[in-house]
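Raw run-v4.txt, compact mmCIF, C-alpha atoms and all ligand atoms:
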# COMPACT_ATOMS: atom_id res chain seq x y z
CA MET A 1 13.36 18.99 8.00
CA VAL A 2 13.69 19.19 4.24
CA ASN A 3 11.54 21.55 2.16
CA PHE A 4 8.22 20.16 1.03
CA ASP A 5 5.22 20.90 -1.17
CA TYR A 6 2.22 19.09 0.27
CA GLN A 7 -1.33 18.87 -1.00
CA ASN A 8 -3.67 15.90 -0.87
CA PRO A 9 -6.69 16.67 -3.03
CA THR A 10 -8.70 13.48 -2.37
CA ARG A 11 -12.00 14.19 -0.67
CA ILE A 12 -12.73 11.55 2.00
CA ILE A 13 -16.29 10.56 2.88
CA PHE A 14 -16.00 8.40 5.99
CA GLY A 15 -18.53 6.39 7.98
CA LYS A 16 -21.52 4.08 8.05
CA ASP A 17 -23.72 3.82 4.92
CA THR A 18 -21.59 6.34 3.03
CA GLU A 19 -21.57 4.12 -0.10
CA ASN A 20 -25.19 5.17 -0.60
CA GLU A 21 -23.84 8.64 -1.44
CA THR A 22 -21.93 7.30 -4.46
CA GLY A 23 -24.41 8.40 -7.14
CA ARG A 24 -24.79 11.91 -5.74
CA LEU A 25 -21.02 12.37 -5.49
CA ALA A 26 -20.29 10.82 -8.90
CA SER A 27 -22.86 12.97 -10.66
CA GLY A 28 -20.63 15.95 -9.85
CA TYR A 29 -18.07 14.52 -12.28
CA ALA A 30 -19.81 12.30 -14.74
CA GLU A 31 -22.63 11.12 -16.90
CA LYS A 32 -20.89 7.89 -17.89
CA VAL A 33 -19.19 5.80 -15.22
CA LEU A 34 -16.92 2.77 -15.59
CA LEU A 35 -17.50 0.56 -12.55
CA HIS A 36 -14.26 -1.35 -11.95
CA TYR A 37 -13.98 -4.23 -9.48
CA GLY A 38 -12.21 -7.47 -8.66
CA GLY A 39 -13.04 -11.15 -8.40
CA GLY A 40 -16.55 -10.84 -7.04
CA SER A 41 -16.32 -10.14 -3.30
CA ILE A 42 -18.48 -7.03 -3.82
CA LYS A 43 -21.25 -9.15 -5.35
CA LYS A 44 -21.21 -11.64 -2.46
CA THR A 45 -21.43 -8.86 0.12
CA GLY A 46 -24.26 -6.98 -1.61
CA LEU A 47 -22.14 -3.85 -2.05
CA TYR A 48 -22.40 -4.14 -5.85
CA ASP A 49 -26.21 -3.89 -5.70
CA ARG A 50 -26.17 -0.86 -3.41
CA VAL A 51 -23.59 0.98 -5.51
CA THR A 52 -25.23 0.31 -8.88
CA ALA A 53 -28.62 1.35 -7.43
CA SER A 54 -27.12 4.59 -6.16
CA LEU A 55 -25.49 5.33 -9.53
CA LYS A 56 -28.66 4.59 -11.46
CA ASP A 57 -30.83 6.63 -9.07
CA ALA A 58 -28.55 9.57 -9.87
CA GLY A 59 -29.28 9.06 -13.58
CA LEU A 60 -25.78 7.89 -14.50
CA GLU A 61 -25.01 5.48 -17.32
CA VAL A 62 -22.92 2.61 -15.95
CA PHE A 63 -20.44 0.39 -17.80
CA GLU A 64 -18.51 -2.39 -16.07
CA LEU A 65 -15.09 -3.99 -16.05
CA SER A 66 -14.53 -6.71 -13.44
CA GLY A 67 -11.81 -9.32 -12.92
CA VAL A 68 -9.01 -7.29 -11.34
CA LYS A 69 -6.63 -9.76 -9.67
CA PRO A 70 -4.44 -9.03 -6.65
CA ASN A 71 -1.19 -7.72 -8.18
CA PRO A 72 -3.28 -6.09 -10.95
CA ARG A 73 -2.39 -6.96 -14.51
CA LEU A 74 -1.48 -4.71 -17.41
CA SER A 75 -3.69 -6.63 -19.88
CA LEU A 76 -6.88 -5.71 -17.98
CA VAL A 77 -5.70 -2.09 -17.77
CA ARG A 78 -5.45 -2.07 -21.56
CA GLU A 79 -9.01 -3.43 -21.82
CA GLY A 80 -10.20 -0.65 -19.51
CA ILE A 81 -8.50 2.03 -21.58
CA LYS A 82 -10.26 0.72 -24.69
CA ILE A 83 -13.67 0.87 -22.96
CA CYS A 84 -13.00 4.41 -21.68
CA ARG A 85 -12.24 5.60 -25.20
CA GLU A 86 -15.09 3.77 -26.93
CA LYS A 87 -17.76 4.76 -24.39
CA GLN A 88 -16.35 8.20 -23.57
CA ILE A 89 -16.26 7.43 -19.86
CA ASP A 90 -15.88 10.45 -17.64
CA LEU A 91 -15.40 8.80 -14.22
CA ILE A 92 -13.80 5.47 -13.28
CA LEU A 93 -15.25 4.14 -10.02
CA ALA A 94 -12.99 1.58 -8.33
CA VAL A 95 -14.82 -0.58 -5.79
CA GLY A 96 -12.39 -2.79 -3.90
CA GLY A 97 -8.85 -2.75 -2.55
CA GLY A 98 -5.49 -1.44 -3.67
CA SER A 99 -5.41 -3.71 -6.70
CA VAL A 100 -8.71 -2.45 -8.12
CA ILE A 101 -7.85 1.16 -7.31
CA ASP A 102 -4.37 0.90 -8.87
CA SER A 103 -5.84 -0.68 -11.98
CA ALA A 104 -8.40 2.16 -12.20
CA LYS A 105 -5.64 4.77 -11.85
CA ALA A 106 -3.66 3.13 -14.67
CA ILE A 107 -6.75 3.10 -16.87
CA GLY A 108 -7.36 6.76 -16.03
CA VAL A 109 -3.92 8.00 -17.07
CA GLY A 110 -3.75 5.55 -19.99
CA ALA A 111 -7.05 6.74 -21.46
CA ASP A 112 -5.63 10.24 -21.57
CA TYR A 113 -2.42 9.23 -23.38
CA ASP A 114 -1.72 8.40 -27.02
CA GLY A 115 1.17 6.02 -26.27
CA ASP A 116 1.37 2.77 -24.30
CA VAL A 117 0.33 3.11 -20.64
CA TRP A 118 3.29 0.90 -19.58
CA ASP A 119 5.54 3.85 -20.51
CA PHE A 120 4.43 5.46 -17.23
CA TYR A 121 5.62 2.43 -15.25
CA THR A 122 9.03 2.21 -16.92
CA GLY A 123 9.73 5.94 -16.58
CA LYS A 124 9.65 6.44 -20.35
CA ALA A 125 6.87 9.04 -20.01
CA GLU A 126 4.99 10.93 -17.29
CA PRO A 127 1.20 11.26 -17.08
CA GLN A 128 -0.07 14.64 -18.25
CA GLY A 129 -3.69 14.11 -17.26
CA SER A 130 -6.24 11.47 -16.31
CA THR A 131 -9.87 10.52 -16.56
CA PRO A 132 -11.00 11.13 -12.94
CA VAL A 133 -10.95 8.13 -10.59
CA ALA A 134 -13.12 7.72 -7.47
CA THR A 135 -13.02 4.83 -5.00
CA ILE A 136 -15.05 2.84 -2.53
CA LEU A 137 -12.55 1.08 -0.28
CA THR A 138 -13.26 -2.46 0.92
CA ILE A 139 -9.91 -3.32 2.54
CA PRO A 140 -7.69 -1.02 4.61
CA ALA A 141 -4.19 -1.76 3.36
CA ALA A 142 -2.49 -0.12 0.38
CA GLY A 143 -3.57 3.47 1.02
CA SER A 144 -4.21 3.87 -2.71
CA GLU A 145 -7.55 5.53 -1.90
CA SER A 146 -5.71 8.79 -1.32
CA SER A 147 -2.21 8.17 -2.66
CA GLN A 148 -0.56 9.35 -5.84
CA GLY A 149 0.70 5.86 -6.64
CA SER A 150 -0.34 2.85 -8.68
CA VAL A 151 1.49 -0.48 -8.97
CA ILE A 152 0.88 -2.67 -12.00
CA THR A 153 2.21 -6.08 -13.03
CA ASN A 154 3.20 -6.66 -16.64
CA GLU A 155 2.59 -10.37 -17.24
CA ASP A 156 5.26 -10.24 -19.92
CA GLY A 157 8.35 -10.82 -17.74
CA GLY A 158 6.58 -10.74 -14.34
CA LEU A 159 7.52 -7.09 -13.84
CA LYS A 160 5.67 -5.30 -11.04
CA ARG A 161 6.41 -1.59 -11.24
CA PRO A 162 5.08 1.60 -9.58
CA CYS A 163 4.10 4.92 -11.10
CA ASN A 164 3.64 8.08 -9.03
CA SER A 165 1.86 11.11 -10.39
CA LEU A 166 -0.19 14.02 -9.08
CA TYR A 167 -2.81 12.98 -11.65
CA MET A 168 -3.36 9.73 -9.77
CA TYR A 169 -5.01 11.11 -6.66
CA PRO A 170 -8.64 9.92 -6.62
CA VAL A 171 -11.14 12.79 -6.72
CA PHE A 172 -13.09 11.25 -3.84
CA SER A 173 -12.91 8.11 -1.74
CA ILE A 174 -15.71 6.56 0.26
CA LEU A 175 -14.53 4.80 3.44
CA ASN A 176 -17.13 2.80 5.32
CA PRO A 177 -15.40 0.59 7.94
CA GLU A 178 -18.37 -1.82 7.84
CA LEU A 179 -17.38 -2.84 4.31
CA ALA A 180 -14.30 -4.55 5.79
CA TYR A 181 -16.33 -6.91 8.04
CA THR A 182 -16.24 -9.66 5.39
CA LEU A 183 -12.46 -9.77 5.03
CA PRO A 184 -10.84 -13.15 5.67
CA GLU A 185 -8.18 -13.28 8.43
CA TYR A 186 -5.37 -13.59 5.92
CA GLN A 187 -6.37 -10.35 4.16
CA ILE A 188 -6.71 -8.58 7.53
CA ALA A 189 -3.15 -9.67 8.34
CA CYS A 190 -1.76 -8.69 4.92
CA GLY A 191 -3.55 -5.34 4.97
CA THR A 192 -2.46 -4.29 8.44
CA THR A 193 1.11 -5.41 7.63
CA ASP A 194 1.12 -3.06 4.63
CA ILE A 195 -0.18 -0.19 6.79
CA MET A 196 2.67 -0.77 9.28
CA ALA A 197 5.11 -0.99 6.36
CA HIS A 198 4.05 2.41 4.99
CA MET A 199 4.85 4.01 8.32
CA ILE A 200 8.11 2.10 8.79
CA GLU A 201 9.32 3.18 5.33
CA ARG A 202 8.74 6.80 6.36
CA TYR A 203 10.09 6.45 9.90
CA PHE A 204 13.57 5.30 8.87
CA THR A 205 15.00 8.48 7.43
CA ASN A 206 18.36 10.22 7.56
CA VAL A 207 16.69 13.63 7.79
CA LYS A 208 17.19 15.25 11.21
CA ASN A 209 14.76 17.42 13.21
CA VAL A 210 11.54 15.73 12.12
CA GLU A 211 10.08 15.39 15.57
CA LEU A 212 6.45 16.21 14.78
CA THR A 213 6.21 13.50 12.13
CA ASP A 214 8.28 11.10 14.29
CA ARG A 215 5.70 11.44 17.09
CA LEU A 216 2.75 11.17 14.65
CA LEU A 217 4.23 8.03 13.07
CA GLU A 218 4.96 6.45 16.45
CA GLY A 219 1.38 7.12 17.59
CA ALA A 220 -0.13 5.79 14.36
CA MET A 221 2.06 2.66 14.47
CA ARG A 222 1.00 2.02 18.07
CA ASN A 223 -2.61 2.35 16.96
CA ILE A 224 -2.20 -0.45 14.40
CA ILE A 225 -0.22 -2.64 16.83
CA HIS A 226 -3.05 -2.23 19.35
CA HIS A 227 -6.03 -2.68 17.03
CA ALA A 228 -4.93 -5.11 14.30
CA PRO A 229 -4.81 -8.23 16.55
CA ARG A 230 -8.27 -7.36 17.90
CA LEU A 231 -9.72 -7.75 14.41
CA LEU A 232 -8.70 -11.42 14.46
CA GLN A 233 -10.85 -11.86 17.61
CA ASP A 234 -13.79 -9.75 16.44
CA SER A 235 -13.91 -8.97 12.74
CA LYS A 236 -17.18 -7.05 12.96
CA ASN A 237 -16.22 -4.38 15.46
CA TYR A 238 -16.98 -0.96 13.95
CA ALA A 239 -14.80 1.04 16.36
CA THR A 240 -11.76 -1.14 15.70
CA TRP A 241 -12.21 -1.12 11.92
CA ALA A 242 -12.72 2.65 11.96
CA GLU A 243 -9.33 3.06 13.69
CA VAL A 244 -7.59 0.71 11.28
CA MET A 245 -9.22 2.09 8.14
CA TRP A 246 -8.46 5.71 8.92
CA THR A 247 -4.92 4.92 10.06
CA GLY A 248 -4.38 3.03 6.79
CA THR A 249 -5.35 6.10 4.79
CA VAL A 250 -3.35 8.56 6.90
CA ALA A 251 -0.33 6.20 6.78
CA HIS A 252 -0.03 6.71 3.04
CA ASN A 253 -1.55 10.10 2.18
CA ASN A 254 1.86 11.79 2.49
CA MET A 255 1.02 13.91 5.55
CA LEU A 256 3.27 11.70 7.69
CA ASP A 257 6.30 12.18 5.49
CA THR A 258 6.21 15.95 5.18
CA GLY A 259 9.76 17.22 5.64
CA ARG A 260 11.27 13.72 5.59
CA ILE A 261 12.81 11.43 2.96
CA GLY A 262 11.42 7.93 3.38
CA ASP A 263 13.29 4.74 2.56
CA TRP A 264 11.08 2.49 0.30
CA GLY A 265 13.80 -0.13 -0.26
CA SER A 266 11.66 -2.88 1.32
CA HIS A 267 8.74 -2.00 -0.97
CA ASP A 268 10.95 -2.17 -4.04
CA ILE A 269 12.35 -5.54 -2.94
CA GLU A 270 8.84 -6.82 -2.20
CA HIS A 271 7.66 -5.93 -5.70
CA GLU A 272 10.14 -8.53 -7.03
CA LEU A 273 8.61 -11.18 -4.76
CA SER A 274 5.07 -10.32 -5.88
CA GLY A 275 6.16 -9.96 -9.52
CA MET A 276 7.89 -13.37 -9.67
CA TYR A 277 5.83 -15.40 -7.20
CA ASP A 278 2.46 -13.59 -7.26
CA ILE A 279 2.35 -13.46 -3.45
CA ALA A 280 0.27 -10.84 -1.62
CA HIS A 281 2.06 -7.52 -1.11
CA GLY A 282 1.61 -7.63 2.70
CA ALA A 283 2.89 -11.22 2.80
CA GLY A 284 6.11 -10.19 1.06
CA LEU A 285 6.60 -7.18 3.35
CA ALA A 286 6.24 -9.27 6.54
CA ILE A 287 9.26 -11.25 5.33
CA ILE A 288 11.43 -8.47 3.91
CA ILE A 289 11.03 -5.71 6.53
CA PRO A 290 12.44 -7.58 9.56
CA ALA A 291 15.36 -8.84 7.44
CA TRP A 292 15.99 -5.32 6.07
CA MET A 293 15.99 -3.97 9.64
CA LYS A 294 18.51 -6.58 10.79
CA TYR A 295 20.72 -5.62 7.84
CA VAL A 296 20.59 -1.81 8.33
CA HIS A 297 20.11 -1.23 12.07
CA ASN A 298 23.74 -0.31 12.79
CA HIS A 299 23.48 2.55 10.27
CA ASP A 300 21.55 4.60 12.87
CA LEU A 301 21.31 2.70 16.12
CA ASN A 302 19.65 5.64 17.89
CA ARG A 303 16.71 5.62 15.49
CA PHE A 304 16.24 1.89 16.01
CA VAL A 305 16.44 2.39 19.79
CA GLN A 306 13.77 5.09 19.45
CA PHE A 307 11.62 2.67 17.40
CA ALA A 308 12.04 -0.03 20.09
CA THR A 309 11.31 2.19 23.08
CA LEU A 310 8.64 4.59 21.74
CA VAL A 311 6.76 2.23 19.41
CA TRP A 312 7.18 -1.09 21.25
CA SER A 313 7.76 0.17 24.83
CA ALA A 314 10.94 -1.92 25.02
CA GLU A 315 13.08 -1.27 28.06
CA MET A 316 16.24 0.74 27.37
CA ASP A 317 19.50 -1.11 27.94
CA PHE A 318 21.92 1.77 28.53
CA ASN A 319 24.94 -0.55 28.58
CA GLU A 320 24.09 -2.25 25.30
CA PRO A 321 21.81 -0.04 23.13
CA ALA A 322 22.22 -2.49 20.23
CA LYS A 323 20.29 -5.03 22.29
CA THR A 324 17.42 -2.56 22.66
CA ALA A 325 17.47 -1.85 18.91
CA LEU A 326 17.26 -5.56 18.13
CA GLU A 327 14.44 -5.99 20.65
CA GLY A 328 12.30 -3.59 18.57
CA ILE A 329 12.94 -5.67 15.46
CA TYR A 330 12.09 -8.92 17.27
CA ARG A 331 8.86 -7.42 18.61
CA LEU A 332 7.83 -6.33 15.11
CA GLU A 333 8.52 -9.83 13.81
CA ALA A 334 6.55 -11.34 16.71
CA HIS A 335 3.64 -9.01 15.91
CA PHE A 336 3.59 -10.16 12.27
CA LYS A 337 3.65 -13.81 13.43
CA ARG A 338 0.85 -13.17 15.90
CA MET A 339 -1.18 -11.79 12.99
CA GLY A 340 -0.58 -15.11 11.21
CA MET A 341 2.01 -13.86 8.73
CA LYS A 342 4.99 -15.95 7.64
CA THR A 343 8.29 -14.15 8.17
CA ARG A 344 10.68 -16.33 6.17
CA LEU A 345 11.11 -16.78 2.41
CA SER A 346 11.33 -20.56 2.79
CA GLU A 347 7.90 -20.61 4.46
CA VAL A 348 6.27 -19.22 1.29
CA GLY A 349 8.21 -21.48 -1.08
CA ILE A 350 10.85 -18.96 -2.21
CA THR A 351 14.14 -20.80 -2.39
CA ALA A 352 17.76 -19.62 -2.53
CA ASP A 353 18.12 -20.50 -6.22
CA THR A 354 16.01 -17.46 -7.21
CA TYR A 355 17.66 -14.88 -4.91
CA GLU A 356 20.11 -13.81 -7.56
CA ALA A 357 17.45 -13.40 -10.27
CA MET A 358 15.33 -11.25 -7.91
CA ALA A 359 18.34 -9.16 -6.88
CA ASP A 360 19.30 -8.65 -10.53
CA LYS A 361 15.79 -7.62 -11.52
CA ALA A 362 15.48 -5.20 -8.61
CA THR A 363 18.82 -3.50 -9.32
CA ASP A 364 18.71 -3.77 -13.13
CA GLY A 365 21.76 -6.05 -13.10
CA ASP A 366 23.47 -4.15 -10.24
CA THR A 367 23.35 -0.81 -12.07
CA LYS A 368 21.05 0.94 -9.57
CA THR A 369 20.52 0.95 -5.81
CA LEU A 370 17.29 0.71 -3.80
CA GLY A 371 16.27 2.68 -0.70
CA ASN A 372 17.38 5.97 0.83
CA PHE A 373 18.12 5.24 4.50
CA VAL A 374 20.83 2.86 3.34
CA LYS A 375 21.51 2.48 -0.40
CA LEU A 376 21.17 -1.20 -1.26
CA ASP A 377 23.07 -2.78 -4.13
CA LYS A 378 22.79 -6.33 -5.41
CA ALA A 379 25.18 -7.69 -2.74
CA ALA A 380 23.08 -6.02 -0.01
CA LEU A 381 19.91 -7.59 -1.43
CA MET A 382 21.55 -11.02 -1.41
CA GLU A 383 22.39 -10.50 2.31
CA ILE A 384 18.83 -9.43 3.06
CA PHE A 385 17.45 -12.52 1.28
CA SER A 386 19.82 -14.68 3.35
CA LEU A 387 18.66 -13.00 6.57
CA ALA A 388 15.06 -13.71 5.44
CA GLU A 389 15.76 -17.32 4.39
O1 LIG B 1 -11.04 -9.25 -5.90
P1 LIG B 1 -12.04 -9.36 -4.82
O2 LIG B 1 -13.04 -10.40 -5.04
O3 LIG B 1 -12.65 -8.02 -4.48
O4 LIG B 1 -11.25 -9.89 -3.50
C1 LIG B 1 -10.21 -9.15 -2.88
C2 LIG B 1 -8.82 -9.73 -3.14
O5 LIG B 1 -8.89 -11.11 -3.39
C3 LIG B 1 -10.33 -9.33 -1.39
N1 LIG B 1 -11.21 -8.36 -0.74
C4 LIG B 1 -11.11 -7.00 -0.77
N2 LIG B 1 -12.05 -6.45 -0.01
C5 LIG B 1 -12.78 -7.48 0.51
C6 LIG B 1 -12.25 -8.70 0.04
N3 LIG B 1 -12.76 -9.90 0.40
C7 LIG B 1 -13.81 -9.91 1.24
N4 LIG B 1 -14.37 -8.78 1.75
C8 LIG B 1 -13.88 -7.56 1.43
N5 LIG B 1 -14.39 -6.44 1.99
O6 LIG B 1 -9.02 -9.12 -0.89
C9 LIG B 1 -8.09 -9.57 -1.84
C10 LIG B 1 -6.92 -8.59 -1.91
O7 LIG B 1 -7.30 -7.37 -2.49
P2 LIG B 1 -6.19 -6.33 -2.99
O8 LIG B 1 -6.90 -5.20 -3.60
O9 LIG B 1 -5.16 -7.03 -3.79
O10 LIG B 1 -5.50 -5.90 -1.61
P3 LIG B 1 -4.71 -4.62 -1.19
O11 LIG B 1 -5.62 -3.51 -0.86
O12 LIG B 1 -3.76 -5.07 -0.16
O13 LIG B 1 -3.90 -4.15 -2.51
C11 LIG B 1 -2.65 -4.70 -2.84
C12 LIG B 1 -2.09 -4.02 -4.06
O14 LIG B 1 -1.84 -2.63 -3.81
C13 LIG B 1 -0.49 -2.31 -4.19
C14 LIG B 1 0.23 -3.60 -3.90
O15 LIG B 1 1.49 -3.65 -4.52
C15 LIG B 1 -0.75 -4.64 -4.43
O16 LIG B 1 -0.62 -4.80 -5.82
N6 LIG B 1 -0.04 -1.12 -3.47
C16 LIG B 1 -0.48 0.08 -3.90
C17 LIG B 1 -0.06 1.27 -3.34
C18 LIG B 1 -0.55 2.57 -3.85
N7 LIG B 1 -1.22 2.60 -4.97
O17 LIG B 1 -0.32 3.63 -3.25
C19 LIG B 1 0.93 1.30 -2.26
C20 LIG B 1 1.16 -0.02 -1.62
O18 LIG B 1 2.45 0.00 -1.03
C21 LIG B 1 1.04 -1.19 -2.52
O19 LIG B 1 2.26 -1.39 -3.25
ZN ZN B 2 2.69 -1.10 0.58

Take the structure in this file and express it as structure tokens.
Amino acid sequence: MVNFDYQNPTRIIFGKDTENETGRLASGYAEKVLLHYGGGSIKKTGLYDRVTASLKDAGLEVFELSGVKPNPRLSLVREGIKICREKQIDLILAVGGGSVIDSAKAIGVGADYDGDVWDFYTGKAEPQGSTPVATILTIPAAGSESSQGSVITNEDGGLKRPCNSLYMYPVFSILNPELAYTLPEYQIACGTTDIMAHMIERYFTNVKNVELTDRLLEGAMRNIIHHAPRLLQDSKNYATWAEVMWTGTVAHNNMLDTGRIGDWGSHDIEHELSGMYDIAHGAGLAIIIPAWMKYVHNHDLNRFVQFATLVWSAEMDFNEPAKTALEGIYRLEAHFKRMGMKTRLSEVGITADTYEAMADKATDGDTKTLGNFVKLDKAALMEIFSLAE
């Protein structure tokens, strides 16, 4: 195990009807709230009415900024920063999924900074504070509700880039599994793919003696493999959503990577797919992760055998362990397909003529590598794209 410094300060309020607590909780932080949301799903479901009523009952002044798109855009973040400054907002309430929450986090750190918020996403500067952000989660997926990350797309150049900062943890997050009942099948599939991806990125590590977190990750992955397909049969099952929603949060709140060094190469590659083709994050991961696994599995065959046997209950082939390792990868790919995900670049319209541009963008013209389990250069990325063709 490597040394670690772990604290997750986000307060979680979990369960039925918890969104009605929003006003009471928010009044602990604010008099003026910026309500931030996406393309309107929260209006269709009635959540918007319940949340605004709760905020107003608590005597809070509410301003609004809607229109966050999946793969949230820098231009809207800039609009939000302007509103925060003009109206002296003291809490940003994100109601939605990872895109809305990430946009709110960017607004929060940007409102507290004299320079351009994009500096935080290029590494030119680090956040030194933030207007507090709180969330009401409507889709279990990104884990942003209690993560220290935000991923924003700069329309100028199609650059999708992450920023991680201790200032980006939401102060509180409301998780009511019932709010996910209205999700379309495609979003259920994308969301649960992302949850699996967050655990896979952590599982494939070179750090030895991490057995507690290995067992926790294996158990949490099995929980998603068991429950995610059930949501496609019954999308209004509270018990199933509760399992998936809580696993999605725990998958990305950093508890499961204490003492480990995760990989994150597949996430970095996926950001190029989303940045250039505007595809859903989970959709890109379902394509990249199996190809990445095929490319790297010989680096630590034992770990892939462990993944196959303990996560997928594959039978051990003692004569040919490589076969067992590959079986785990095939079962993961089959799971994604069963969820309705595409697992090939060609199936989502990404053709070989853009592989080189994506590999160049991801590696800054082959000057940096991606991932920790295996360091990936431009040539490695080209191989992975070919395996995913
Ligand atoms: O915009 P609205 O109308 O709300 O519709 C959304 C959106 O179209 C819809 N939706 C959400 N909840 C719904 C619903 N529709 C019906 N009923 C509901 N209850 O779903 C669509 C997708 O929403 P989005 O927020 O984009 O999904 P997700 O939560 O998967 O977030 C993806 C973003 O998070 C980033 C990704 O890169 C991507 O940009 N990530 C953020 C991370 C972080 N901050 O820690 C880590 C992740 O690895 C990820 O990179
Ligand atoms: Zn992710």

Item to complete: For ligand ZN 2 (chain B), list the contacting residues at 9 Å or closer, counting all atoms listed in the file, as a PyMOL selection string.
Response: chain A and resi 141-143+191+193-198+252+267+270+281-282+285

I need the chosen residues saved as a JSON list (two decimals), keeping the file's coordinate frame, with C-alpha atoms.
[["chain", "number", "residue", "atom", "x", "y", "z"],
["A", 141, "ALA", "CA", -4.19, -1.76, 3.36],
["A", 142, "ALA", "CA", -2.49, -0.12, 0.38],
["A", 143, "GLY", "CA", -3.57, 3.47, 1.02],
["A", 191, "GLY", "CA", -3.55, -5.34, 4.97],
["A", 193, "THR", "CA", 1.11, -5.41, 7.63],
["A", 194, "ASP", "CA", 1.12, -3.06, 4.63],
["A", 195, "ILE", "CA", -0.18, -0.19, 6.79],
["A", 196, "MET", "CA", 2.67, -0.77, 9.28],
["A", 197, "ALA", "CA", 5.11, -0.99, 6.36],
["A", 198, "HIS", "CA", 4.05, 2.41, 4.99],
["A", 252, "HIS", "CA", -0.03, 6.71, 3.04],
["A", 267, "HIS", "CA", 8.74, -2.00, -0.97],
["A", 270, "GLU", "CA", 8.84, -6.82, -2.20],
["A", 281, "HIS", "CA", 2.06, -7.52, -1.11],
["A", 282, "GLY", "CA", 1.61, -7.63, 2.70],
["A", 285, "LEU", "CA", 6.60, -7.18, 3.35]]

Closest atom pairs, range 163-234 of chain A residues within 7 Å of range 13-23 of chain A, all atoms listed in the file, as a tab-separated table:
residue	atom	partner	partner_atom	distance
A:Ser173	CA	A:Ile13	CA	6.2
A:Ile174	CA	A:Ile13	CA	4.8
A:Leu175	CA	A:Phe14	CA	4.7
A:Asn176	CA	A:Gly15	CA	4.7
A:Pro177	CA	A:Gly15	CA	6.6
A:Glu178	CA	A:Lys16	CA	6.7

Quick one: write out the picked residues with C-alpha atoms as a short mmCIF file (atom, residue, chain, number, x, y, z; two decimals), in the frame of the given file?
data_model
loop_
_atom_site.label_atom_id
_atom_site.label_comp_id
_atom_site.auth_asym_id
_atom_site.auth_seq_id
_atom_site.Cartn_x
_atom_site.Cartn_y
_atom_site.Cartn_z
CA SER A 173 -12.91 8.11 -1.74
CA ILE A 174 -15.71 6.56 0.26
CA LEU A 175 -14.53 4.80 3.44
CA ASN A 176 -17.13 2.80 5.32
CA PRO A 177 -15.40 0.59 7.94
CA GLU A 178 -18.37 -1.82 7.84
#

Counting all atoms listed in the file, which residues in chain A sit no more than 6 Å from ligand LIG 1 (chain B)? For each one, give the nearest pair of atoms and the distance in Å, sorted by chain then residue number, as CSV.
residue,atom,partner,partner_atom,distance
A:Gly38,CA,B:LIG1,O1,3.5
A:Gly39,CA,B:LIG1,O2,3.4
A:Gly40,CA,B:LIG1,O2,4.1
A:Ser41,CA,B:LIG1,O2,3.7
A:Ile42,CA,B:LIG1,O3,6.0
A:Lys69,CA,B:LIG1,O1,5.8
A:Pro70,CA,B:LIG1,O9,3.6
A:Asn71,CA,B:LIG1,O16,3.8
A:Pro72,CA,B:LIG1,O16,5.9
A:Gly96,CA,B:LIG1,O3,5.3
A:Gly97,CA,B:LIG1,O8,3.3
A:Gly98,CA,B:LIG1,O13,3.3
A:Ser99,CA,B:LIG1,O8,3.7
A:Val100,CA,B:LIG1,O8,5.6
A:Asp102,CA,B:LIG1,N7,5.3
A:Thr138,CA,B:LIG1,N2,4.3
A:Ile139,CA,B:LIG1,N2,4.6
A:Ala141,CA,B:LIG1,O11,4.8
A:Ala142,CA,B:LIG1,C20,4.2
A:Gly143,CA,B:LIG1,O17,5.4
A:Ser144,CA,B:LIG1,O17,3.9
A:Ser147,CA,B:LIG1,O17,5.0
A:Gly149,CA,B:LIG1,N7,4.1
A:Ser150,CA,B:LIG1,N7,3.8
A:Val151,CA,B:LIG1,O15,5.5
A:Leu179,CA,B:LIG1,N5,5.2
A:Ala180,CA,B:LIG1,N5,4.2
A:Thr182,CA,B:LIG1,N4,4.2
A:Leu183,CA,B:LIG1,N4,3.9
A:Gln187,CA,B:LIG1,O6,5.8
A:Gly191,CA,B:LIG1,O12,5.1
A:His281,CA,B:LIG1,C14,5.1

Worksheet item: What does the distance from CA of Leu93 in chain A to CA of Asp119 in chain A come to in Å, to one decimal?
Response: 23.3 Å

Discussion item. Give me the residues near range 297-309 of chain A as a PyMOL selection string, where near means some atom within 9 Å (using only C-alpha atoms) and where sequence neighbours in that chain fewer than 4 positions away do not count.
Written reply: chain A and resi 203-206+218+292-293+313-316+321-329+331+373-374
